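> So here's entry_24.txt (compact mmCIF, C-alpha atoms and all ligand atoms).
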# COMPACT_ATOMS: atom_id res chain seq x y z
CA ARG F 132 -26.10 -47.98 -64.88
CA TYR F 133 -24.34 -46.27 -62.04
CA THR F 134 -23.82 -47.27 -58.45
CA PHE F 135 -23.30 -44.68 -55.73
CA PHE F 136 -21.09 -45.47 -52.76
CA LYS F 137 -20.50 -43.97 -49.35
CA VAL F 138 -17.12 -44.67 -47.85
CA GLN F 139 -17.16 -46.90 -44.82
CA SER F 140 -13.53 -47.47 -44.06
CA VAL F 141 -10.26 -46.86 -45.76
CA ILE F 142 -7.06 -48.81 -45.74
CA ILE F 143 -3.61 -47.40 -46.04
CA GLN F 144 -1.28 -49.45 -48.15
CA SER F 145 2.09 -48.86 -49.58
CA LYS F 146 2.31 -49.73 -53.23
CA SER F 147 0.90 -48.53 -56.50
CA THR F 148 1.18 -46.43 -59.58
CA ASN F 149 -1.68 -44.44 -58.08
CA VAL F 150 0.44 -41.70 -56.48
CA SER F 151 -1.72 -39.48 -54.34
CA PRO F 152 -2.07 -35.80 -55.25
CA LEU F 153 -1.55 -35.20 -51.54
CA LEU F 154 2.11 -36.08 -52.12
CA PRO F 155 2.89 -33.87 -55.12
CA GLY F 156 6.61 -33.85 -54.36
CA ARG F 157 6.80 -37.53 -55.13
CA VAL F 158 5.35 -36.94 -58.57
CA THR F 159 7.32 -33.88 -59.59
CA ASN F 160 10.59 -35.42 -58.39
CA CYS F 161 9.84 -38.59 -60.29
CA THR F 162 13.04 -39.61 -62.05
CA HIS F 163 12.55 -43.34 -62.21
CA ARG F 164 9.83 -45.91 -61.94
CA LEU F 165 10.18 -46.59 -58.24
CA PHE F 166 8.87 -43.16 -57.28
CA CYS F 167 5.58 -44.06 -58.84
CA PHE F 168 5.49 -47.45 -57.11
CA ASN F 169 4.39 -45.65 -54.02
CA ILE F 170 0.97 -46.21 -52.56
CA MET F 171 -2.15 -48.17 -53.07
CA LEU F 172 -5.20 -47.28 -51.06
CA LEU F 173 -8.05 -49.72 -50.90
CA PHE F 174 -11.43 -48.61 -49.68
CA SER F 175 -14.32 -50.53 -48.29
CA PHE F 176 -17.55 -48.93 -49.48
CA ARG F 177 -21.20 -49.35 -48.65
CA VAL F 178 -23.59 -48.92 -51.55
CA ILE F 179 -26.07 -46.15 -50.77
CA GLN F 180 -27.76 -45.70 -54.18
CA SER F 181 -27.80 -48.14 -57.06
CA LYS F 182 -29.23 -48.80 -60.48
CA ASN F 183 -26.94 -51.79 -60.88
CA PRO F 184 -28.41 -55.11 -59.70
CA ALA F 185 -24.90 -56.56 -59.21
CA PHE F 186 -24.36 -54.03 -56.39
CA PRO F 187 -27.59 -53.57 -54.43
CA VAL F 188 -28.03 -50.84 -51.82
CA GLY F 189 -26.54 -51.93 -48.50
CA SER F 190 -23.98 -54.29 -50.04
CA HIS F 191 -20.26 -53.78 -49.48
CA VAL F 192 -17.43 -53.65 -51.99
CA VAL F 193 -13.67 -53.01 -52.03
CA SER F 194 -12.15 -50.64 -54.55
CA ASN F 195 -9.03 -48.52 -55.08
CA SER F 196 -10.91 -45.48 -56.25
CA GLY F 197 -8.82 -42.87 -54.45
CA TRP F 198 -9.05 -40.85 -51.22
CA ARG F 199 -12.69 -39.82 -51.18
CA THR F 200 -15.88 -40.01 -49.14
CA HIS F 201 -18.19 -40.94 -52.05
CA THR F 202 -17.66 -42.59 -55.42
CA LEU F 203 -19.82 -42.89 -58.50
CA SER F 204 -19.07 -46.09 -60.39
CA ASP F 205 -20.35 -48.21 -63.27
CA GLY F 206 -19.13 -51.26 -61.34
CA THR F 207 -15.71 -51.50 -63.00
CA GLY F 208 -12.93 -52.45 -60.57
CA LEU F 209 -15.27 -53.10 -57.66
CA THR F 210 -14.81 -56.31 -55.70
CA PRO F 211 -17.87 -57.44 -53.76
CA ILE F 212 -17.24 -58.66 -50.22
CA LEU F 213 -17.64 -62.46 -49.95
CA PRO F 214 -21.42 -63.15 -49.76
CA GLU F 215 -20.87 -65.61 -46.89
CA TRP F 216 -19.08 -62.98 -44.75
CA PRO F 217 -20.07 -63.77 -41.14
CA LYS F 218 -21.68 -61.08 -38.99
CA ASP F 219 -19.14 -61.61 -36.19
CA VAL F 220 -16.11 -60.89 -38.43
CA SER F 221 -15.25 -57.21 -38.89
CA LEU F 222 -15.77 -56.01 -42.45
CA SER F 223 -12.52 -54.05 -42.24
CA LEU F 224 -10.66 -57.38 -42.50
CA ALA F 225 -11.71 -57.32 -46.17
CA LEU F 226 -8.96 -54.73 -46.47
CA GLY F 227 -6.39 -56.79 -44.56
CA ALA F 228 -6.05 -60.46 -43.69
CA ILE F 229 -9.15 -61.45 -45.69
CA GLY F 230 -8.32 -59.06 -48.49
CA MET F 231 -5.46 -57.99 -50.69
CA PRO F 232 -2.67 -58.32 -48.05
CA GLY F 233 -3.88 -61.81 -47.11
CA LEU F 234 -4.03 -62.82 -50.77
CA THR F 235 -0.49 -61.50 -51.23
CA ALA F 236 0.72 -63.64 -48.35
CA VAL F 237 -0.92 -66.83 -49.67
CA TYR F 238 0.29 -66.45 -53.27
CA GLY F 239 3.80 -65.51 -52.17
CA ILE F 240 4.03 -68.57 -49.94
CA GLU F 241 2.28 -71.11 -52.14
CA ASP F 242 2.72 -70.02 -55.76
CA VAL F 243 6.07 -68.23 -55.60
CA LEU F 244 8.00 -69.93 -52.79
CA GLY F 245 6.27 -73.31 -52.79
CA LEU F 246 6.96 -73.44 -49.04
CA GLN F 247 7.14 -77.01 -47.71
CA LYS F 248 6.51 -78.43 -44.24
CA GLY F 249 9.66 -78.38 -42.10
CA GLU F 250 11.34 -75.56 -44.01
CA THR F 251 12.60 -72.33 -42.45
CA LEU F 252 11.13 -69.05 -43.68
CA LEU F 253 12.30 -65.50 -43.03
CA VAL F 254 9.90 -62.55 -43.42
CA ASN F 255 10.69 -58.86 -42.85
CA ALA F 256 8.23 -56.04 -42.03
CA ALA F 257 6.83 -59.07 -40.22
CA ALA F 258 4.39 -57.21 -37.98
CA GLY F 259 2.71 -55.51 -40.95
CA ALA F 260 -0.41 -56.43 -42.86
CA VAL F 261 1.29 -58.88 -45.22
CA GLY F 262 4.15 -60.06 -43.00
CA SER F 263 1.98 -61.01 -40.02
CA VAL F 264 -0.20 -63.20 -42.27
CA VAL F 265 2.84 -64.70 -44.00
CA GLY F 266 4.31 -65.86 -40.69
CA GLN F 267 1.06 -67.33 -39.43
CA ILE F 268 0.36 -69.22 -42.64
CA ALA F 269 3.90 -70.59 -42.59
CA LYS F 270 3.23 -71.85 -39.04
CA ILE F 271 -0.03 -73.45 -40.22
CA LYS F 272 2.06 -75.25 -42.84
CA GLY F 273 4.43 -76.62 -40.20
CA CYS F 274 7.44 -74.41 -40.85
CA LYS F 275 9.96 -72.61 -38.68
CA VAL F 276 9.31 -68.86 -38.97
CA VAL F 277 11.78 -66.06 -38.32
CA GLY F 278 10.54 -62.46 -38.45
CA SER F 279 12.13 -59.03 -38.22
CA ALA F 280 10.30 -55.86 -37.20
CA GLY F 281 11.07 -52.31 -36.15
CA SER F 282 10.10 -52.14 -32.45
CA ASP F 283 10.16 -54.26 -29.30
CA ALA F 284 6.36 -54.05 -29.10
CA LYS F 285 6.13 -55.55 -32.58
CA VAL F 286 8.60 -58.28 -31.60
CA ALA F 287 6.42 -59.16 -28.59
CA TYR F 288 3.31 -59.24 -30.80
CA LEU F 289 4.94 -61.61 -33.29
CA LYS F 290 5.96 -63.95 -30.48
CA GLU F 291 2.31 -63.95 -29.37
CA LEU F 292 1.38 -64.96 -32.93
CA GLY F 293 3.66 -68.00 -32.68
CA PHE F 294 6.71 -66.87 -34.67
CA ASP F 295 9.67 -69.03 -33.60
CA GLU F 296 12.33 -66.31 -33.65
CA VAL F 297 11.87 -62.56 -33.91
CA PHE F 298 14.27 -59.64 -33.65
CA ASN F 299 14.11 -55.84 -33.75
CA TYR F 300 16.24 -54.95 -36.77
CA LYS F 301 16.67 -51.38 -35.47
CA THR F 302 18.39 -52.38 -32.22
CA VAL F 303 19.94 -55.73 -33.07
CA GLY F 304 23.30 -54.35 -34.15
CA SER F 305 24.55 -56.80 -36.75
CA LEU F 306 21.77 -58.08 -39.02
CA GLU F 307 24.05 -60.88 -40.16
CA GLU F 308 24.57 -62.11 -36.60
CA ALA F 309 20.86 -61.83 -35.78
CA LEU F 310 19.98 -63.92 -38.83
CA ARG F 311 22.63 -66.54 -37.97
CA LYS F 312 21.48 -66.72 -34.37
CA ALA F 313 17.81 -67.11 -35.35
CA SER F 314 18.59 -69.92 -37.79
CA PRO F 315 22.20 -71.15 -37.73
CA GLU F 316 21.46 -73.61 -40.54
CA GLY F 317 20.22 -70.78 -42.84
CA TYR F 318 16.93 -70.13 -44.62
CA ASP F 319 15.05 -72.12 -47.23
CA CYS F 320 12.69 -69.26 -48.08
CA PHE F 321 12.72 -65.49 -47.76
CA PHE F 322 9.54 -63.39 -48.09
CA GLU F 323 10.96 -59.97 -48.96
CA ASN F 324 8.92 -56.87 -48.08
CA VAL F 325 11.63 -54.30 -47.43
CA GLY F 326 14.42 -54.34 -50.04
CA GLY F 327 17.51 -52.13 -49.97
CA PRO F 328 20.96 -53.04 -48.66
CA SER F 329 19.62 -55.45 -46.01
CA SER F 330 18.58 -57.83 -48.81
CA ASP F 331 22.18 -58.51 -49.67
CA VAL F 332 22.87 -59.53 -46.07
CA VAL F 333 19.87 -61.86 -46.09
CA LEU F 334 20.84 -63.54 -49.37
CA GLN F 335 24.14 -64.56 -47.84
CA GLN F 336 22.23 -66.42 -45.11
CA MET F 337 20.11 -68.42 -47.55
CA LYS F 338 20.60 -72.16 -47.83
CA LYS F 339 21.74 -73.60 -51.14
CA PHE F 340 18.82 -73.67 -53.61
CA GLY F 341 16.92 -71.18 -51.39
CA ARG F 342 13.88 -69.36 -52.80
CA ILE F 343 13.10 -65.66 -52.48
CA ALA F 344 9.68 -64.09 -53.08
CA VAL F 345 10.15 -60.37 -53.78
CA CYS F 346 6.87 -58.91 -52.58
CA GLY F 347 7.86 -55.37 -51.67
CA SER F 348 10.69 -52.92 -51.32
CA ILE F 349 9.25 -50.42 -48.87
CA SER F 350 12.63 -49.11 -47.71
CA THR F 351 13.28 -47.74 -51.20
CA TYR F 352 9.89 -46.24 -52.17
CA ASN F 353 10.78 -42.76 -50.97
CA ASP F 354 14.37 -42.66 -52.19
CA SER F 355 15.28 -39.46 -53.99
CA GLU F 356 18.03 -41.24 -55.96
CA PRO F 357 17.80 -44.62 -57.72
CA GLN F 358 19.32 -47.47 -55.73
CA THR F 359 22.77 -48.56 -56.85
CA GLY F 360 22.69 -51.93 -55.10
CA PRO F 361 22.56 -54.50 -53.65
CA TYR F 362 24.38 -56.68 -56.13
CA PRO F 363 23.07 -60.17 -55.42
CA TYR F 364 24.33 -62.10 -58.45
CA PHE F 365 27.50 -63.51 -56.94
CA THR F 366 25.62 -64.90 -53.95
CA MET F 367 22.77 -66.11 -56.15
CA ILE F 368 25.09 -68.03 -58.45
CA PHE F 369 27.05 -69.87 -55.80
CA LYS F 370 24.05 -70.60 -53.61
CA GLU F 371 21.98 -71.41 -56.73
CA LEU F 372 19.12 -69.24 -55.44
CA LYS F 373 15.79 -68.62 -57.14
CA MET F 374 14.32 -65.10 -56.85
CA GLU F 375 10.93 -64.05 -58.21
CA GLY F 376 9.07 -60.77 -58.03
CA PHE F 377 5.30 -60.93 -57.99
CA LEU F 378 2.05 -59.01 -57.80
CA GLN F 379 -0.92 -60.64 -56.11
CA SER F 380 -3.10 -59.66 -59.09
CA ARG F 381 -1.44 -62.43 -61.15
CA TRP F 382 -3.72 -64.93 -59.41
CA GLU F 383 -6.92 -62.88 -59.58
CA HIS F 384 -8.79 -65.95 -60.87
CA LYS F 385 -8.09 -67.64 -57.51
CA HIS F 386 -9.16 -64.73 -55.28
CA PRO F 387 -12.64 -66.04 -54.28
CA GLU F 388 -11.34 -69.48 -53.30
CA THR F 389 -8.33 -68.02 -51.48
CA LEU F 390 -10.45 -65.47 -49.58
CA LYS F 391 -12.66 -68.34 -48.38
CA ARG F 392 -9.58 -70.14 -47.02
CA LEU F 393 -8.39 -66.99 -45.27
CA LEU F 394 -11.84 -66.43 -43.78
CA ALA F 395 -11.91 -70.05 -42.55
CA TRP F 396 -8.50 -69.63 -40.86
CA VAL F 397 -9.75 -66.47 -39.14
CA LYS F 398 -12.93 -68.21 -37.97
CA GLU F 399 -10.91 -71.18 -36.66
CA GLY F 400 -8.62 -68.83 -34.72
CA LYS F 401 -5.59 -69.92 -36.74
CA LEU F 402 -5.11 -66.48 -38.24
CA GLN F 403 -5.06 -63.54 -35.83
CA CYS F 404 -5.47 -60.05 -37.21
CA ARG F 405 -4.52 -56.80 -35.59
CA GLU F 406 -5.42 -53.43 -37.08
CA HIS F 407 -3.85 -50.04 -36.49
CA VAL F 408 -6.93 -47.84 -36.70
CA THR F 409 -6.84 -44.08 -37.27
CA LYS F 410 -10.17 -42.33 -36.93
CA GLY F 411 -11.37 -39.61 -39.31
CA PHE F 412 -11.18 -39.07 -43.04
CA GLU F 413 -9.14 -35.89 -42.45
CA ASN F 414 -6.43 -37.96 -40.73
CA MET F 415 -5.65 -40.12 -43.77
CA PRO F 416 -2.42 -38.27 -44.70
CA ALA F 417 -1.10 -38.61 -41.14
CA ALA F 418 -2.05 -42.31 -41.10
CA PHE F 419 -0.28 -42.88 -44.39
CA MET F 420 2.89 -41.13 -43.29
CA GLY F 421 2.74 -43.04 -40.00
CA MET F 422 2.61 -46.35 -41.86
CA LEU F 423 5.76 -45.41 -43.78
CA GLN F 424 7.40 -44.62 -40.43
CA GLY F 425 6.45 -48.00 -39.00
CA GLU F 426 3.74 -46.80 -36.60
CA ASN F 427 1.36 -49.61 -37.56
CA THR F 428 1.22 -53.10 -36.15
CA GLY F 429 -0.97 -55.14 -38.47
CA LYS F 430 -3.07 -53.50 -41.13
CA ALA F 431 -3.17 -49.69 -41.15
CA VAL F 432 -6.82 -48.70 -41.49
CA VAL F 433 -8.59 -45.35 -41.43
CA ALA F 434 -12.13 -45.61 -40.10
CA VAL F 435 -14.46 -43.01 -41.54
P1 LIG G 1 2.91 -52.86 -43.58
O1 LIG G 1 1.57 -52.98 -42.94
O2 LIG G 1 3.94 -53.87 -43.24
O3 LIG G 1 3.45 -51.40 -43.28
C1 LIG G 1 4.69 -51.03 -43.66
C2 LIG G 1 5.76 -51.48 -42.64
O4 LIG G 1 6.98 -51.54 -43.33
C3 LIG G 1 5.94 -50.48 -41.52
O5 LIG G 1 5.06 -50.71 -40.46
C4 LIG G 1 7.37 -50.70 -41.14
O6 LIG G 1 7.48 -51.76 -40.21
C5 LIG G 1 8.01 -51.18 -42.45
N1 LIG G 1 8.77 -50.10 -43.04
C6 LIG G 1 8.34 -48.89 -43.44
N2 LIG G 1 9.35 -48.17 -43.92
C7 LIG G 1 10.44 -48.93 -43.83
C8 LIG G 1 11.80 -48.75 -44.17
N3 LIG G 1 12.23 -47.60 -44.70
N4 LIG G 1 12.66 -49.75 -43.94
C9 LIG G 1 12.24 -50.91 -43.40
N5 LIG G 1 10.97 -51.14 -43.06
C10 LIG G 1 10.09 -50.17 -43.29
O7 LIG G 1 2.76 -52.89 -45.14
P2 LIG G 1 2.15 -54.13 -45.94
O8 LIG G 1 2.23 -55.36 -45.14
O9 LIG G 1 0.86 -53.71 -46.45
O10 LIG G 1 3.16 -54.26 -47.16
C11 LIG G 1 4.41 -54.90 -46.98
C12 LIG G 1 5.15 -54.88 -48.29
O11 LIG G 1 4.44 -55.64 -49.26
C13 LIG G 1 5.30 -53.49 -48.88
O12 LIG G 1 6.60 -53.40 -49.44
C14 LIG G 1 4.26 -53.44 -49.97
O13 LIG G 1 4.62 -52.54 -50.98
C15 LIG G 1 4.27 -54.88 -50.43
N6 LIG G 1 3.05 -55.35 -51.07
C16 LIG G 1 3.19 -56.02 -52.25
C17 LIG G 1 2.11 -56.59 -52.87
C18 LIG G 1 2.30 -57.36 -54.12
O14 LIG G 1 1.32 -57.75 -54.76
N7 LIG G 1 3.54 -57.63 -54.50
C19 LIG G 1 0.74 -56.40 -52.33
C20 LIG G 1 0.72 -55.74 -51.04
C21 LIG G 1 1.83 -55.21 -50.45
P3 LIG G 1 8.74 -51.84 -39.19
O15 LIG G 1 8.35 -51.02 -38.00
O16 LIG G 1 8.83 -53.29 -38.89
O17 LIG G 1 9.93 -51.27 -39.89
Do you think you could lay out the structure here as structure tokens?
Ligand code: NDP

Amino acid sequence: RYTFFKVQSVIIQSKSTNVSPLLPGRVTNCTHRLFCFNIMLLFSFRVIQSKNPAFPVGSHVVSNSGWRTHTLSDGTGLTPILPEWPKDVSLSLALGAIGMPGLTAVYGIEDVLGLQKGETLLVNAAAGAVGSVVGQIAKIKGCKVVGSAGSDAKVAYLKELGFDEVFNYKTVGSLEEALRKASPEGYDCFFENVGGPSSDVVLQQMKKFGRIAVCGSISTYNDSEPQTGPYPYFTMIFKELKMEGFLQSRWEHKHPETLKRLLAWVKEGKLQCREHVTKGFENMPAAFMGMLQGENTGKAVVAV
């Protein structure tokens, strides 16, 4: 029983073992696992032909079936859009704040960090799909939120979203000083999206018994040599830090309930979502490269 899909919109994301054939250099140069932890592309599809009653014609699903206009599927790996999806909420948010990035933010905050009211949280790549949701949820939970991002426009956007302190890590000079200035008393929690040498600097600004959720390491995905650092153990021992890597798929059983909460926050205006939309299927490679260069504020989406 096959279902036939026509692509409706495409999201550009930055993590997966599903390395695109459009980037063959990344595959042939692959010398260690990180090169393959490169991109994940989720697609929102509309069903245009179906012999599968679980996916009737006209319904919408999300899938990571590759860069394509049409897909033939037996239903495996397809996630139906929430049946109660309101007409006045854009379906493309199923790829962003009310989709995988939103789920990542919730699980990182609640299941990994266990963020508590009154605590101070730092998030980097803060204006991106995951980071912007992380900061807003932390504000909903009554926390102080510090964010870093790569342009002054992104900094201004994050202030609009209610972040308490934001800085442009590209122009700030000393990261250590910027972190101290934003929260002189240090950080209870760190939502890590970027990785690389800056992580070492952040760890030194953590409070004792601080918690770190390692969500992503985007600064290292395109490295041609394996990273040789940072070396966090000394800091971790003496600050008695807890660091945990995670994939949002660990909590797949909670996805429907969590998506409903995200949708409710969006409807209540507590969760704002911006999208960086590129038009045209043929522009997907440019959109993807742009995301890796920080062109996107909010979720990078290709509308087809
Ligand atoms: P974003 O929408 O944030 O886009 C990527 C952003 O990362 C860019 O806009 C840019 O922002 C920043 N960036 C890109 N290259 C670099 C670099 N070399 N150094 C520093 N910053 C860089 O992506 P997402 O929000 O979708 O993803 C954020 C992170 O979360 C990624 O690392 C991703 O792999 C990870 N992730 C993990 C999941 C999990 O289950 N663990 C699930 C989903 C995502 P700026 O201009 O601010 O530098």
> Go ahead and compute the interatomic distance for atom CA of Arg311 of chain F and atom CA of Phe340 of chain F, in Å to one decimal.
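Between atom CA of Arg311 of chain F and atom CA of Phe340 of chain F the gap works out to 17.6 Å.
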> Check every protein, DNA and RNA residue against ligand LIG 1 (chain G), keep those with an atom at most 7 Å away (counting only C-alpha atoms and all ligand atoms), and present them as a PyMOL selection string.
chain F and resi 144-146+231-232+235+256-262+279-282+324-325+346-351+377-380+422-431
> Just to be explicit: take each residue in the selection above, keep C-alpha atoms, and write the result as a PDB file, in the frame of the given file.

ATOM      1  CA  GLN F 144      -1.280 -49.450 -48.150  1.00  0.00           C
ATOM      2  CA  SER F 145       2.090 -48.860 -49.580  1.00  0.00           C
ATOM      3  CA  LYS F 146       2.310 -49.730 -53.230  1.00  0.00           C
ATOM      4  CA  MET F 231      -5.460 -57.990 -50.690  1.00  0.00           C
ATOM      5  CA  PRO F 232      -2.670 -58.320 -48.050  1.00  0.00           C
ATOM      6  CA  THR F 235      -0.490 -61.500 -51.230  1.00  0.00           C
ATOM      7  CA  ALA F 256       8.230 -56.040 -42.030  1.00  0.00           C
ATOM      8  CA  ALA F 257       6.830 -59.070 -40.220  1.00  0.00           C
ATOM      9  CA  ALA F 258       4.390 -57.210 -37.980  1.00  0.00           C
ATOM     10  CA  GLY F 259       2.710 -55.510 -40.950  1.00  0.00           C
ATOM     11  CA  ALA F 260      -0.410 -56.430 -42.860  1.00  0.00           C
ATOM     12  CA  VAL F 261       1.290 -58.880 -45.220  1.00  0.00           C
ATOM     13  CA  GLY F 262       4.150 -60.060 -43.000  1.00  0.00           C
ATOM     14  CA  SER F 279      12.130 -59.030 -38.220  1.00  0.00           C
ATOM     15  CA  ALA F 280      10.300 -55.860 -37.200  1.00  0.00           C
ATOM     16  CA  GLY F 281      11.070 -52.310 -36.150  1.00  0.00           C
ATOM     17  CA  SER F 282      10.100 -52.140 -32.450  1.00  0.00           C
ATOM     18  CA  ASN F 324       8.920 -56.870 -48.080  1.00  0.00           C
ATOM     19  CA  VAL F 325      11.630 -54.300 -47.430  1.00  0.00           C
ATOM     20  CA  CYS F 346       6.870 -58.910 -52.580  1.00  0.00           C
ATOM     21  CA  GLY F 347       7.860 -55.370 -51.670  1.00  0.00           C
ATOM     22  CA  SER F 348      10.690 -52.920 -51.320  1.00  0.00           C
ATOM     23  CA  ILE F 349       9.250 -50.420 -48.870  1.00  0.00           C
ATOM     24  CA  SER F 350      12.630 -49.110 -47.710  1.00  0.00           C
ATOM     25  CA  THR F 351      13.280 -47.740 -51.200  1.00  0.00           C
ATOM     26  CA  PHE F 377       5.300 -60.930 -57.990  1.00  0.00           C
ATOM     27  CA  LEU F 378       2.050 -59.010 -57.800  1.00  0.00           C
ATOM     28  CA  GLN F 379      -0.920 -60.640 -56.110  1.00  0.00           C
ATOM     29  CA  SER F 380      -3.100 -59.660 -59.090  1.00  0.00           C
ATOM     30  CA  MET F 422       2.610 -46.350 -41.860  1.00  0.00           C
ATOM     31  CA  LEU F 423       5.760 -45.410 -43.780  1.00  0.00           C
ATOM     32  CA  GLN F 424       7.400 -44.620 -40.430  1.00  0.00           C
ATOM     33  CA  GLY F 425       6.450 -48.000 -39.000  1.00  0.00           C
ATOM     34  CA  GLU F 426       3.740 -46.800 -36.600  1.00  0.00           C
ATOM     35  CA  ASN F 427       1.360 -49.610 -37.560  1.00  0.00           C
ATOM     36  CA  THR F 428       1.220 -53.100 -36.150  1.00  0.00           C
ATOM     37  CA  GLY F 429      -0.970 -55.140 -38.470  1.00  0.00           C
ATOM     38  CA  LYS F 430      -3.070 -53.500 -41.130  1.00  0.00           C
ATOM     39  CA  ALA F 431      -3.170 -49.690 -41.150  1.00  0.00           C
TER      40      ALA F 431
END
> Could you check the closest approach to Val237 of chain F for each of F:Leu393, F:Val193, F:Ile368, F:Ala313 and tell me which residue wins, using only C-alpha atoms?
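Result for the nearest residue to Val237 of chain F: F:Leu393.
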> Between atom CA of Leu394 of chain F and atom CA of Ile179 of chain F, what is the spacing in Å?
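Spanning atom CA of Ile179 of chain F to atom CA of Leu394 of chain F is a straight-line distance of 25.7 Å.
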> With a distance cut-off of 9 Å and only C-alpha atoms, select the neighbouring residues of segment 212-222 of chain F, excluding the residue or stretch itself and same-chain residues fewer than 5 positions from it, and output the selection as a ChimeraX atom specification.
/F:140,175,190-193,387,390-391,394,397-398
> Which of these, F:Ala434, F:Pro211, F:Ile229, F:Arg405, has the shortest distance to Ala418 of chain F once you count all atoms listed in the file?
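For Ala418 of chain F, the nearest of the candidates is F:Ala434.
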> Go through F:Val264, F:Ala225, F:Leu203, F:Leu334 one by one, measure the shortest atom-to-atom distance of each to Leu402 of chain F using all atoms listed in the file, and give the residue with the smallest value.
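So, comparing all the options, the nearest one is F:Val264.
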> For Leu224 of chain F, which residue out of F:Phe174, F:Phe294, F:Tyr300, F:Phe322 is the nearest one, using only C-alpha atoms?
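Checking each candidate against Leu224 of chain F, we get F:Phe174 as the closest.
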> For Glu371 of chain F, which of F:Asp295, F:Asp319, F:Glu307, F:Asp283 is the closest residue, counting all atoms listed in the file?
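Looking at the shortest contact to Glu371 of chain F, the residue is F:Asp319.
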> For Ser330 of chain F, work out the shell of residues within 10 Å, counting all atoms listed in the file and skipping chain neighbours fewer than 6 positions away, then give it as number ranges by chain.
F: 255, 321, 323-324, 348, 360-363
> Which residues come within 6 Å of segment 268-276 of chain F, counting all atoms listed in the file, excluding same-chain residues fewer than 6 positions away, as a PyMOL selection string?
chain F and resi 248-252+294-295
> Distance atom CA of Ala287 of chain F-atom CA of Val408 of chain F, one decimal place?
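Separation between atom CA of Ala287 of chain F and atom CA of Val408 of chain F: 19.3 Å.
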> When distances are computed from all atoms listed in the file, which of F:His386, F:Gly304, F:Thr200, F:Val188 shows the smallest separation from Val435 of chain F?
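The shortest atom-to-atom distance to Val435 of chain F comes from F:Thr200.
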> Export segment 283-294 of chain F from the structure block above, keeping N, CA and C atoms, as a short mmCIF file (atom, residue, chain, number, x, y, z; two decimals), in the first residue's frame.

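As a result, decode-v3.cif now contains:
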data_model
loop_
_atom_site.label_atom_id
_atom_site.label_comp_id
_atom_site.auth_asym_id
_atom_site.auth_seq_id
_atom_site.Cartn_x
_atom_site.Cartn_y
_atom_site.Cartn_z
N ASP F 283 24.32 41.79 14.54
CA ASP F 283 23.59 42.76 15.36
C ASP F 283 22.09 42.65 15.12
N ALA F 284 21.70 42.30 13.89
CA ALA F 284 20.27 42.14 13.60
C ALA F 284 19.70 40.98 14.42
N LYS F 285 20.46 39.92 14.55
CA LYS F 285 20.00 38.78 15.35
C LYS F 285 19.91 39.16 16.83
N VAL F 286 20.89 39.96 17.28
CA VAL F 286 20.87 40.42 18.68
C VAL F 286 19.59 41.21 18.94
N ALA F 287 19.26 42.12 18.00
CA ALA F 287 18.05 42.94 18.16
C ALA F 287 16.80 42.05 18.19
N TYR F 288 16.77 41.05 17.33
CA TYR F 288 15.63 40.13 17.28
C TYR F 288 15.46 39.40 18.61
N LEU F 289 16.56 38.95 19.18
CA LEU F 289 16.48 38.19 20.44
C LEU F 289 16.03 39.08 21.59
N LYS F 290 16.42 40.35 21.53
CA LYS F 290 15.92 41.28 22.57
C LYS F 290 14.41 41.44 22.42
N GLU F 291 13.95 41.52 21.17
CA GLU F 291 12.49 41.59 20.93
C GLU F 291 11.78 40.36 21.51
N LEU F 292 12.44 39.23 21.46
CA LEU F 292 11.83 37.98 21.96
C LEU F 292 11.81 37.92 23.49
N GLY F 293 12.54 38.85 24.14
CA GLY F 293 12.52 38.88 25.60
C GLY F 293 13.75 38.31 26.27
N PHE F 294 14.79 37.97 25.48
CA PHE F 294 16.04 37.52 26.10
C PHE F 294 16.55 38.65 27.02
#
